[in-house]
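As stored in model38.pdb (PDB, N, CA and C atoms):
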```pdb
ATOM      1  N   THR M   1       5.427  -8.419   5.176
ATOM      2  CA  THR M   1       3.982  -8.363   4.972
ATOM      3  C   THR M   1       3.349  -7.559   6.102
ATOM      4  N   GLY M   2       2.164  -7.066   5.873
ATOM      5  CA  GLY M   2       1.517  -6.275   6.898
ATOM      6  C   GLY M   2       0.069  -5.978   6.573
ATOM      7  N   VAL M   3      -0.666  -5.614   7.614
ATOM      8  CA  VAL M   3      -2.080  -5.241   7.509
ATOM      9  C   VAL M   3      -2.280  -3.982   8.330
ATOM     10  N   MET M   4      -3.061  -3.037   7.793
ATOM     11  CA  MET M   4      -3.368  -1.822   8.530
ATOM     12  C   MET M   4      -4.833  -1.486   8.365
ATOM     13  N   THR M   5      -5.539  -1.298   9.471
ATOM     14  CA  THR M   5      -6.934  -0.878   9.435
ATOM     15  C   THR M   5      -6.993   0.614   9.164
ATOM     16  N   ILE M   6      -7.769   1.000   8.153
ATOM     17  CA  ILE M   6      -7.952   2.413   7.822
ATOM     18  C   ILE M   6      -9.261   2.902   8.424
ATOM     19  N   THR M   7     -10.336   2.147   8.205
ATOM     20  CA  THR M   7     -11.631   2.390   8.842
ATOM     21  C   THR M   7     -12.205   1.026   9.205
ATOM     22  N   ASN M   8     -13.404   1.001   9.805
ATOM     23  CA  ASN M   8     -14.038  -0.280  10.144
ATOM     24  C   ASN M   8     -14.267  -1.153   8.927
ATOM     25  N   ASP M   9     -14.378  -0.548   7.752
ATOM     26  CA  ASP M   9     -14.739  -1.270   6.542
ATOM     27  C   ASP M   9     -13.651  -1.208   5.467
ATOM     28  N   LEU M  10     -12.446  -0.790   5.849
ATOM     29  CA  LEU M  10     -11.384  -0.562   4.872
ATOM     30  C   LEU M  10     -10.039  -0.927   5.489
ATOM     31  N   VAL M  11      -9.293  -1.820   4.822
ATOM     32  CA  VAL M  11      -7.952  -2.168   5.281
ATOM     33  C   VAL M  11      -6.981  -2.139   4.113
ATOM     34  N   ALA M  12      -5.711  -1.967   4.445
ATOM     35  CA  ALA M  12      -4.625  -2.051   3.474
ATOM     36  C   ALA M  12      -3.745  -3.224   3.863
ATOM     37  N   THR M  13      -3.251  -3.949   2.858
ATOM     38  CA  THR M  13      -2.342  -5.062   3.090
ATOM     39  C   THR M  13      -1.159  -4.946   2.141
ATOM     40  N   VAL M  14       0.002  -5.427   2.574
ATOM     41  CA  VAL M  14       1.175  -5.512   1.706
ATOM     42  C   VAL M  14       1.714  -6.930   1.764
ATOM     43  N   SER M  15       2.496  -7.290   0.739
ATOM     44  CA  SER M  15       2.902  -8.676   0.613
ATOM     45  C   SER M  15       4.315  -8.811   0.053
ATOM     46  N   SER M  16       4.855  -9.999   0.206
ATOM     47  CA  SER M  16       6.164 -10.296  -0.376
ATOM     48  C   SER M  16       6.096 -10.394  -1.901
ATOM     49  N   ASP M  17       4.889 -10.347  -2.478
ATOM     50  CA  ASP M  17       4.779 -10.337  -3.941
ATOM     51  C   ASP M  17       4.927  -8.924  -4.523
ATOM     52  N   GLU M  18       5.400  -7.975  -3.695
ATOM     53  CA  GLU M  18       5.685  -6.597  -4.097
ATOM     54  C   GLU M  18       4.421  -5.791  -4.394
ATOM     55  N   SER M  19       3.307  -6.140  -3.768
ATOM     56  CA  SER M  19       2.058  -5.439  -4.033
ATOM     57  C   SER M  19       1.428  -4.915  -2.746
ATOM     58  N   MET M  20       0.519  -3.946  -2.920
ATOM     59  CA  MET M  20      -0.329  -3.453  -1.837
ATOM     60  C   MET M  20      -1.763  -3.582  -2.314
ATOM     61  N   CYS M  21      -2.650  -4.038  -1.448
ATOM     62  CA  CYS M  21      -4.077  -4.115  -1.759
ATOM     63  C   CYS M  21      -4.843  -3.249  -0.768
ATOM     64  N   ILE M  22      -5.826  -2.543  -1.278
ATOM     65  CA  ILE M  22      -6.763  -1.801  -0.449
ATOM     66  C   ILE M  22      -8.085  -2.548  -0.571
ATOM     67  N   TRP M  23      -8.623  -2.967   0.558
ATOM     68  CA  TRP M  23      -9.852  -3.766   0.606
ATOM     69  C   TRP M  23     -10.977  -2.920   1.193
ATOM     70  N   GLN M  24     -12.115  -2.876   0.493
ATOM     71  CA  GLN M  24     -13.277  -2.102   0.938
ATOM     72  C   GLN M  24     -14.495  -3.019   0.977
ATOM     73  N   GLY M  25     -15.367  -2.785   1.944
ATOM     74  CA  GLY M  25     -16.578  -3.593   2.059
ATOM     75  C   GLY M  25     -16.315  -4.913   2.734
ATOM     76  N   LEU M  26     -15.508  -4.893   3.766
ATOM     77  CA  LEU M  26     -15.111  -6.133   4.436
ATOM     78  C   LEU M  26     -16.282  -6.909   5.001
ATOM     79  N   LEU M  27     -17.349  -6.222   5.341
ATOM     80  CA  LEU M  27     -18.508  -6.891   5.917
ATOM     81  C   LEU M  27     -19.514  -7.328   4.856
ATOM     82  N   SER M  28     -19.228  -7.038   3.603
ATOM     83  CA  SER M  28     -20.147  -7.422   2.529
ATOM     84  C   SER M  28     -19.802  -8.825   2.021
ATOM     85  N   GLU M  29     -20.684  -9.352   1.163
ATOM     86  CA  GLU M  29     -20.462 -10.679   0.608
ATOM     87  C   GLU M  29     -19.237 -10.729  -0.285
ATOM     88  N   LYS M  30     -19.000  -9.656  -1.027
ATOM     89  CA  LYS M  30     -17.883  -9.630  -1.961
ATOM     90  C   LYS M  30     -17.105  -8.318  -1.807
ATOM     91  N   PRO M  31     -16.089  -8.300  -0.924
ATOM     92  CA  PRO M  31     -15.280  -7.085  -0.765
ATOM     93  C   PRO M  31     -14.614  -6.689  -2.081
ATOM     94  N   LYS M  32     -14.416  -5.386  -2.253
ATOM     95  CA  LYS M  32     -13.732  -4.880  -3.445
ATOM     96  C   LYS M  32     -12.262  -4.689  -3.119
ATOM     97  N   ARG M  33     -11.434  -4.854  -4.150
ATOM     98  CA  ARG M  33      -9.990  -4.767  -3.958
ATOM     99  C   ARG M  33      -9.375  -3.831  -4.992
ATOM    100  N   ARG M  34      -8.490  -2.959  -4.529
ATOM    101  CA  ARG M  34      -7.650  -2.168  -5.432
ATOM    102  C   ARG M  34      -6.235  -2.704  -5.287
ATOM    103  N   LEU M  35      -5.675  -3.192  -6.378
ATOM    104  CA  LEU M  35      -4.337  -3.778  -6.387
ATOM    105  C   LEU M  35      -3.335  -2.753  -6.888
ATOM    106  N   LEU M  36      -2.305  -2.495  -6.096
ATOM    107  CA  LEU M  36      -1.233  -1.586  -6.483
ATOM    108  C   LEU M  36       0.050  -2.397  -6.579
ATOM    109  N   ARG M  37       0.673  -2.344  -7.733
ATOM    110  CA  ARG M  37       1.851  -3.168  -7.980
ATOM    111  C   ARG M  37       2.846  -2.385  -8.840
ATOM    112  N   GLY M  38       4.120  -2.684  -8.683
ATOM    113  CA  GLY M  38       5.137  -2.115  -9.553
ATOM    114  C   GLY M  38       5.880  -0.934  -8.958
ATOM    115  N   PHE M  39       5.629  -0.612  -7.701
ATOM    116  CA  PHE M  39       6.293   0.536  -7.088
ATOM    117  C   PHE M  39       7.457   0.123  -6.200
ATOM    118  N   HIS M  40       7.574  -1.155  -5.856
ATOM    119  CA  HIS M  40       8.746  -1.694  -5.159
ATOM    120  C   HIS M  40       9.299  -2.823  -6.020
ATOM    121  N   SER M  41      10.618  -2.979  -6.020
ATOM    122  CA  SER M  41      11.251  -4.016  -6.838
ATOM    123  C   SER M  41      11.636  -5.257  -6.035
ATOM    124  N   GLN M  42      11.327  -5.250  -4.739
ATOM    125  CA  GLN M  42      11.589  -6.386  -3.857
ATOM    126  C   GLN M  42      10.375  -6.537  -2.925
ATOM    127  N   PRO M  43      10.299  -7.636  -2.166
ATOM    128  CA  PRO M  43       9.169  -7.821  -1.251
ATOM    129  C   PRO M  43       8.966  -6.626  -0.313
ATOM    130  N   ILE M  44       7.691  -6.322  -0.057
ATOM    131  CA  ILE M  44       7.339  -5.245   0.862
ATOM    132  C   ILE M  44       7.326  -5.827   2.272
ATOM    133  N   THR M  45       8.038  -5.178   3.178
ATOM    134  CA  THR M  45       8.205  -5.710   4.520
ATOM    135  C   THR M  45       7.264  -5.107   5.543
ATOM    136  N   CYS M  46       6.777  -3.880   5.293
ATOM    137  CA  CYS M  46       5.909  -3.274   6.294
ATOM    138  C   CYS M  46       5.036  -2.183   5.699
ATOM    139  N   LEU M  47       4.014  -1.860   6.457
ATOM    140  CA  LEU M  47       3.009  -0.859   6.097
ATOM    141  C   LEU M  47       2.663  -0.091   7.362
ATOM    142  N   THR M  48       2.631   1.216   7.265
ATOM    143  CA  THR M  48       2.235   2.045   8.389
ATOM    144  C   THR M  48       1.554   3.293   7.842
ATOM    145  N   GLY M  49       0.997   4.093   8.717
ATOM    146  CA  GLY M  49       0.331   5.306   8.271
ATOM    147  C   GLY M  49       0.126   6.274   9.412
ATOM    148  N   ASN M  50      -0.327   7.471   9.040
ATOM    149  CA  ASN M  50      -0.564   8.511  10.041
ATOM    150  C   ASN M  50      -1.987   9.062   9.973
ATOM    151  N   GLY M  51      -2.888   8.377   9.274
ATOM    152  CA  GLY M  51      -4.263   8.833   9.130
ATOM    153  C   GLY M  51      -4.509   9.608   7.852
ATOM    154  N   LYS M  52      -3.467  10.229   7.315
ATOM    155  CA  LYS M  52      -3.584  10.988   6.067
ATOM    156  C   LYS M  52      -2.813  10.337   4.927
ATOM    157  N   SER M  53      -1.800   9.554   5.276
ATOM    158  CA  SER M  53      -0.957   8.911   4.274
ATOM    159  C   SER M  53      -0.575   7.516   4.738
ATOM    160  N   LEU M  54      -0.195   6.677   3.771
ATOM    161  CA  LEU M  54       0.352   5.354   4.051
ATOM    162  C   LEU M  54       1.824   5.359   3.673
ATOM    163  N   CYS M  55       2.593   4.496   4.312
ATOM    164  CA  CYS M  55       4.007   4.326   3.995
ATOM    165  C   CYS M  55       4.278   2.838   3.822
ATOM    166  N   THR M  56       4.890   2.475   2.697
ATOM    167  CA  THR M  56       5.324   1.101   2.465
ATOM    168  C   THR M  56       6.850   1.082   2.460
ATOM    169  N   ALA M  57       7.433   0.001   2.987
ATOM    170  CA  ALA M  57       8.887  -0.159   2.996
ATOM    171  C   ALA M  57       9.216  -1.549   2.461
ATOM    172  N   SER M  58      10.430  -1.688   1.927
ATOM    173  CA  SER M  58      10.736  -2.896   1.182
ATOM    174  C   SER M  58      12.186  -3.331   1.328
ATOM    175  N   TRP M  59      12.431  -4.576   0.905
ATOM    176  CA  TRP M  59      13.791  -5.081   0.790
ATOM    177  C   TRP M  59      14.588  -4.270  -0.225
ATOM    178  N   ASP M  60      13.903  -3.517  -1.094
ATOM    179  CA  ASP M  60      14.625  -2.717  -2.089
ATOM    180  C   ASP M  60      15.251  -1.457  -1.483
ATOM    181  N   ARG M  61      15.156  -1.312  -0.148
ATOM    182  CA  ARG M  61      15.782  -0.234   0.633
ATOM    183  C   ARG M  61      15.103   1.120   0.414
ATOM    184  N   THR M  62      13.836   1.104   0.006
ATOM    185  CA  THR M  62      13.107   2.358  -0.178
ATOM    186  C   THR M  62      11.828   2.364   0.648
ATOM    187  N   LEU M  63      11.351   3.581   0.935
ATOM    188  CA  LEU M  63      10.031   3.797   1.539
ATOM    189  C   LEU M  63       9.233   4.633   0.548
ATOM    190  N   ASN M  64       7.974   4.278   0.340
ATOM    191  CA  ASN M  64       7.085   5.063  -0.508
ATOM    192  C   ASN M  64       5.977   5.661   0.343
ATOM    193  N   ILE M  65       5.690   6.934   0.120
ATOM    194  CA  ILE M  65       4.635   7.644   0.835
ATOM    195  C   ILE M  65       3.450   7.818  -0.113
ATOM    196  N   TRP M  66       2.275   7.415   0.368
ATOM    197  CA  TRP M  66       1.049   7.415  -0.425
ATOM    198  C   TRP M  66      -0.018   8.266   0.257
ATOM    199  N   PRO M  67      -0.394   9.418  -0.293
ATOM    200  CA  PRO M  67      -1.539  10.150   0.277
ATOM    201  C   PRO M  67      -2.788   9.266   0.199
ATOM    202  N   MET M  68      -3.568   9.250   1.255
ATOM    203  CA  MET M  68      -4.731   8.367   1.332
ATOM    204  C   MET M  68      -5.683   8.581   0.156
ATOM    205  N   ASP M  69      -5.911   9.844  -0.255
ATOM    206  CA  ASP M  69      -6.866  10.078  -1.344
ATOM    207  C   ASP M  69      -6.385   9.500  -2.671
ATOM    208  N   SER M  70      -5.075   9.448  -2.914
ATOM    209  CA  SER M  70      -4.593   8.860  -4.168
ATOM    210  C   SER M  70      -4.726   7.346  -4.160
ATOM    211  N   VAL M  71      -4.605   6.734  -2.985
ATOM    212  CA  VAL M  71      -4.734   5.277  -2.875
ATOM    213  C   VAL M  71      -6.193   4.850  -2.981
ATOM    214  N   LEU M  72      -7.084   5.625  -2.353
ATOM    215  CA  LEU M  72      -8.501   5.265  -2.336
ATOM    216  C   LEU M  72      -9.225   5.663  -3.606
ATOM    217  N   GLY M  73      -8.819   6.728  -4.264
ATOM    218  CA  GLY M  73      -9.513   7.195  -5.450
ATOM    219  C   GLY M  73     -10.767   7.967  -5.079
ATOM    220  N   ASP M  74     -11.513   8.388  -6.089
ATOM    221  CA  ASP M  74     -12.689   9.231  -5.883
ATOM    222  C   ASP M  74     -13.956   8.446  -5.604
ATOM    223  N   THR M  75     -14.055   7.240  -6.143
ATOM    224  CA  THR M  75     -15.300   6.472  -6.029
ATOM    225  C   THR M  75     -14.994   5.067  -5.530
ATOM    226  N   ASP M  76     -15.861   4.134  -5.881
ATOM    227  CA  ASP M  76     -15.677   2.753  -5.454
ATOM    228  C   ASP M  76     -14.324   2.215  -5.894
ATOM    229  N   ILE M  77     -13.755   1.417  -5.045
ATOM    230  CA  ILE M  77     -12.480   0.779  -5.354
ATOM    231  C   ILE M  77     -12.696  -0.264  -6.440
ATOM    232  N   ASP M  78     -11.749  -0.363  -7.332
ATOM    233  CA  ASP M  78     -11.793  -1.324  -8.417
ATOM    234  C   ASP M  78     -10.350  -1.747  -8.708
ATOM    235  N   MET M  79     -10.158  -2.794  -9.472
ATOM    236  CA  MET M  79      -8.808  -3.215  -9.830
ATOM    237  C   MET M  79      -8.077  -2.080 -10.523
ATOM    238  N   LEU M  80      -6.837  -1.853 -10.146
ATOM    239  CA  LEU M  80      -6.068  -0.759 -10.708
ATOM    240  C   LEU M  80      -4.592  -1.113 -10.620
ATOM    241  N   GLN M  81      -3.863  -0.945 -11.696
ATOM    242  CA  GLN M  81      -2.436  -1.247 -11.700
ATOM    243  C   GLN M  81      -1.642  -0.053 -11.204
ATOM    244  N   ALA M  82      -0.532  -0.319 -10.559
ATOM    245  CA  ALA M  82       0.252   0.735  -9.919
ATOM    246  C   ALA M  82       0.842   1.723 -10.910
ATOM    247  N   HIS M  83       1.007   1.326 -12.172
ATOM    248  CA  HIS M  83       1.622   2.267 -13.101
ATOM    249  C   HIS M  83       0.735   3.491 -13.343
ATOM    250  N   THR M  84      -0.533   3.445 -12.922
ATOM    251  CA  THR M  84      -1.387   4.615 -13.056
ATOM    252  C   THR M  84      -1.413   5.447 -11.783
ATOM    253  N   ILE M  85      -0.871   4.919 -10.701
ATOM    254  CA  ILE M  85      -0.771   5.654  -9.445
ATOM    255  C   ILE M  85       0.679   5.573  -8.977
ATOM    256  N   SER M  86       1.262   6.710  -8.705
ATOM    257  CA  SER M  86       2.633   6.745  -8.207
ATOM    258  C   SER M  86       2.628   7.267  -6.778
ATOM    259  N   PRO M  87       3.585   6.827  -5.976
ATOM    260  CA  PRO M  87       3.671   7.383  -4.627
ATOM    261  C   PRO M  87       3.980   8.873  -4.690
ATOM    262  N   ALA M  88       3.582   9.602  -3.653
ATOM    263  CA  ALA M  88       3.871  11.037  -3.590
ATOM    264  C   ALA M  88       5.376  11.272  -3.530
ATOM    265  N   CYS M  89       6.074  10.384  -2.828
ATOM    266  CA  CYS M  89       7.538  10.463  -2.825
ATOM    267  C   CYS M  89       8.119   9.113  -2.456
ATOM    268  N   THR M  90       9.347   8.903  -2.877
ATOM    269  CA  THR M  90      10.110   7.711  -2.539
ATOM    270  C   THR M  90      11.327   8.154  -1.762
ATOM    271  N   LEU M  91      11.512   7.565  -0.586
ATOM    272  CA  LEU M  91      12.650   7.895   0.273
ATOM    273  C   LEU M  91      13.720   6.821   0.100
ATOM    274  N   GLU M  92      14.918   7.241  -0.240
ATOM    275  CA  GLU M  92      16.043   6.332  -0.444
ATOM    276  C   GLU M  92      17.175   6.709   0.483
ATOM    277  N   GLY M  93      18.047   5.768   0.794
ATOM    278  CA  GLY M  93      19.212   6.087   1.606
ATOM    279  C   GLY M  93      19.685   4.960   2.501
ATOM    280  N   HIS M  94      18.849   3.953   2.727
ATOM    281  CA  HIS M  94      19.291   2.810   3.532
ATOM    282  C   HIS M  94      20.260   1.960   2.712
ATOM    283  N   SER M  95      21.245   1.388   3.380
ATOM    284  CA  SER M  95      22.213   0.544   2.686
ATOM    285  C   SER M  95      21.857  -0.936   2.773
ATOM    286  N   ASP M  96      20.772  -1.254   3.487
ATOM    287  CA  ASP M  96      20.330  -2.636   3.614
ATOM    288  C   ASP M  96      18.801  -2.641   3.624
ATOM    289  N   VAL M  97      18.211  -3.817   3.662
ATOM    290  CA  VAL M  97      16.754  -3.936   3.624
ATOM    291  C   VAL M  97      16.119  -3.209   4.805
ATOM    292  N   ILE M  98      14.910  -2.707   4.586
ATOM    293  CA  ILE M  98      14.130  -2.089   5.671
ATOM    294  C   ILE M  98      13.238  -3.175   6.232
ATOM    295  N   ALA M  99      13.434  -3.504   7.491
ATOM    296  CA  ALA M  99      12.722  -4.620   8.116
ATOM    297  C   ALA M  99      11.412  -4.202   8.771
ATOM    298  N   SER M 100      11.300  -2.947   9.222
ATOM    299  CA  SER M 100      10.082  -2.505   9.861
ATOM    300  C   SER M 100       9.984  -0.993   9.799
ATOM    301  N   CYS M 101       8.782  -0.487  10.038
ATOM    302  CA  CYS M 101       8.559   0.963  10.043
ATOM    303  C   CYS M 101       7.345   1.274  10.916
ATOM    304  N   VAL M 102       7.390   2.429  11.553
ATOM    305  CA  VAL M 102       6.285   2.909  12.380
ATOM    306  C   VAL M 102       6.131   4.389  12.100
ATOM    307  N   TRP M 103       4.871   4.839  11.940
ATOM    308  CA  TRP M 103       4.617   6.240  11.659
ATOM    309  C   TRP M 103       3.301   6.608  12.327
ATOM    310  N   GLY M 104       3.299   7.673  13.056
ATOM    311  CA  GLY M 104       2.052   8.135  13.656
ATOM    312  C   GLY M 104       2.005   7.978  15.147
TER     313      GLY M 104
END
```

Spell out the structure here as structure tokens.
Amino acid sequence: TGVMTITNDLVATVSSDESMCIWQGLLSEKPKRRLLRGFHSQPITCLTGNGKSLCTASWDRTLNIWPMDSVLGDTDIDMLQAHTISPACTLEGHSDVIASCVWG
């Protein structure tokens, strides 16, 4: 699991339920959430980024790279299933689970 601050009002979280959420409006009464699911087949162990992209890693031995604009979308964040958004690339090659990652 992991949390990453993108801006003062925007964070990304990952979970063992194999999902990533982008939260916007943290200081408002009702923050908005974009749910991304279906891109990892095992629990997500970490989240990192470099300011332009996010990277998720998982027990499924893969890393997914997400350009920030594809994760955030063009307008207000709303519920969205992962099958409509795909990572820019998936990195494979580890023979065991990925326990942590750092980028940037």

Given the file above and the PyMOL selection byres ((chain M and resi 12) around 7), which residues are selected, and can you give them as an MDAnalysis selection string? chainID M and resid 2:6 10:11 13:14 20:23

Once you have the residues from the selection above, write them out as a JSON list (two decimals), keeping the file's coordinate frame, restricted to N, CA and C atoms.
```json
[["chain", "number", "residue", "atom", "x", "y", "z"],
["M", 2, "GLY", "N", 2.16, -7.07, 5.87],
["M", 2, "GLY", "CA", 1.52, -6.28, 6.90],
["M", 2, "GLY", "C", 0.07, -5.98, 6.57],
["M", 3, "VAL", "N", -0.67, -5.61, 7.61],
["M", 3, "VAL", "CA", -2.08, -5.24, 7.51],
["M", 3, "VAL", "C", -2.28, -3.98, 8.33],
["M", 4, "MET", "N", -3.06, -3.04, 7.79],
["M", 4, "MET", "CA", -3.37, -1.82, 8.53],
["M", 4, "MET", "C", -4.83, -1.49, 8.36],
["M", 5, "THR", "N", -5.54, -1.30, 9.47],
["M", 5, "THR", "CA", -6.93, -0.88, 9.44],
["M", 5, "THR", "C", -6.99, 0.61, 9.16],
["M", 6, "ILE", "N", -7.77, 1.00, 8.15],
["M", 6, "ILE", "CA", -7.95, 2.41, 7.82],
["M", 6, "ILE", "C", -9.26, 2.90, 8.42],
["M", 10, "LEU", "N", -12.45, -0.79, 5.85],
["M", 10, "LEU", "CA", -11.38, -0.56, 4.87],
["M", 10, "LEU", "C", -10.04, -0.93, 5.49],
["M", 11, "VAL", "N", -9.29, -1.82, 4.82],
["M", 11, "VAL", "CA", -7.95, -2.17, 5.28],
["M", 11, "VAL", "C", -6.98, -2.14, 4.11],
["M", 13, "THR", "N", -3.25, -3.95, 2.86],
["M", 13, "THR", "CA", -2.34, -5.06, 3.09],
["M", 13, "THR", "C", -1.16, -4.95, 2.14],
["M", 14, "VAL", "N", 0.00, -5.43, 2.57],
["M", 14, "VAL", "CA", 1.18, -5.51, 1.71],
["M", 14, "VAL", "C", 1.71, -6.93, 1.76],
["M", 20, "MET", "N", 0.52, -3.95, -2.92],
["M", 20, "MET", "CA", -0.33, -3.45, -1.84],
["M", 20, "MET", "C", -1.76, -3.58, -2.31],
["M", 21, "CYS", "N", -2.65, -4.04, -1.45],
["M", 21, "CYS", "CA", -4.08, -4.12, -1.76],
["M", 21, "CYS", "C", -4.84, -3.25, -0.77],
["M", 22, "ILE", "N", -5.83, -2.54, -1.28],
["M", 22, "ILE", "CA", -6.76, -1.80, -0.45],
["M", 22, "ILE", "C", -8.09, -2.55, -0.57],
["M", 23, "TRP", "N", -8.62, -2.97, 0.56],
["M", 23, "TRP", "CA", -9.85, -3.77, 0.61],
["M", 23, "TRP", "C", -10.98, -2.92, 1.19]]
```

Can you spell out as a list in words the set of residues that the PyMOL selection byres ((chain M and resi 57) around 8) selects in the structure I just provided? His40, Gln42, Pro43, Ile44, Thr45, Cys46, Leu47, Thr48, Leu54, Cys55, Thr56, Ser58, Trp59, Asp60, Arg61, Thr62, Leu63, Asn64, Ile65, Val97, Ile98, Ala99, Ser100 and Cys101 of chain M

Mind listing the strand (DSSP E) residues of range 5-91 of chain M, per DSSP on the backbone, as a ChimeraX atom specification? /M:5-7,10-14,19-24,32-37,44-49,53-58,62-67,89-91

Closest of M:Lys52, M:Pro67, M:Leu27, M:Ser16 to Pro87 in chain M - atom-to-atom distances counting only C-alpha atoms: M:Pro67

Got a sec to resolve the PyMOL selection byres (((chain M and resi 31 and name CA) around 12) and name CA) on this structure and send the residues as a PyMOL selection string? chain M and resi 9-11+21-30+32-34+76-79

I need the residue nearest Gly104 in chain M from this list: M:Leu36, M:Gly49, M:Val71, M:Thr7. Use all atoms listed in the file for the distance.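 Counting all atoms listed in the file, the residue closest to Gly104 in chain M is M:Gly49.
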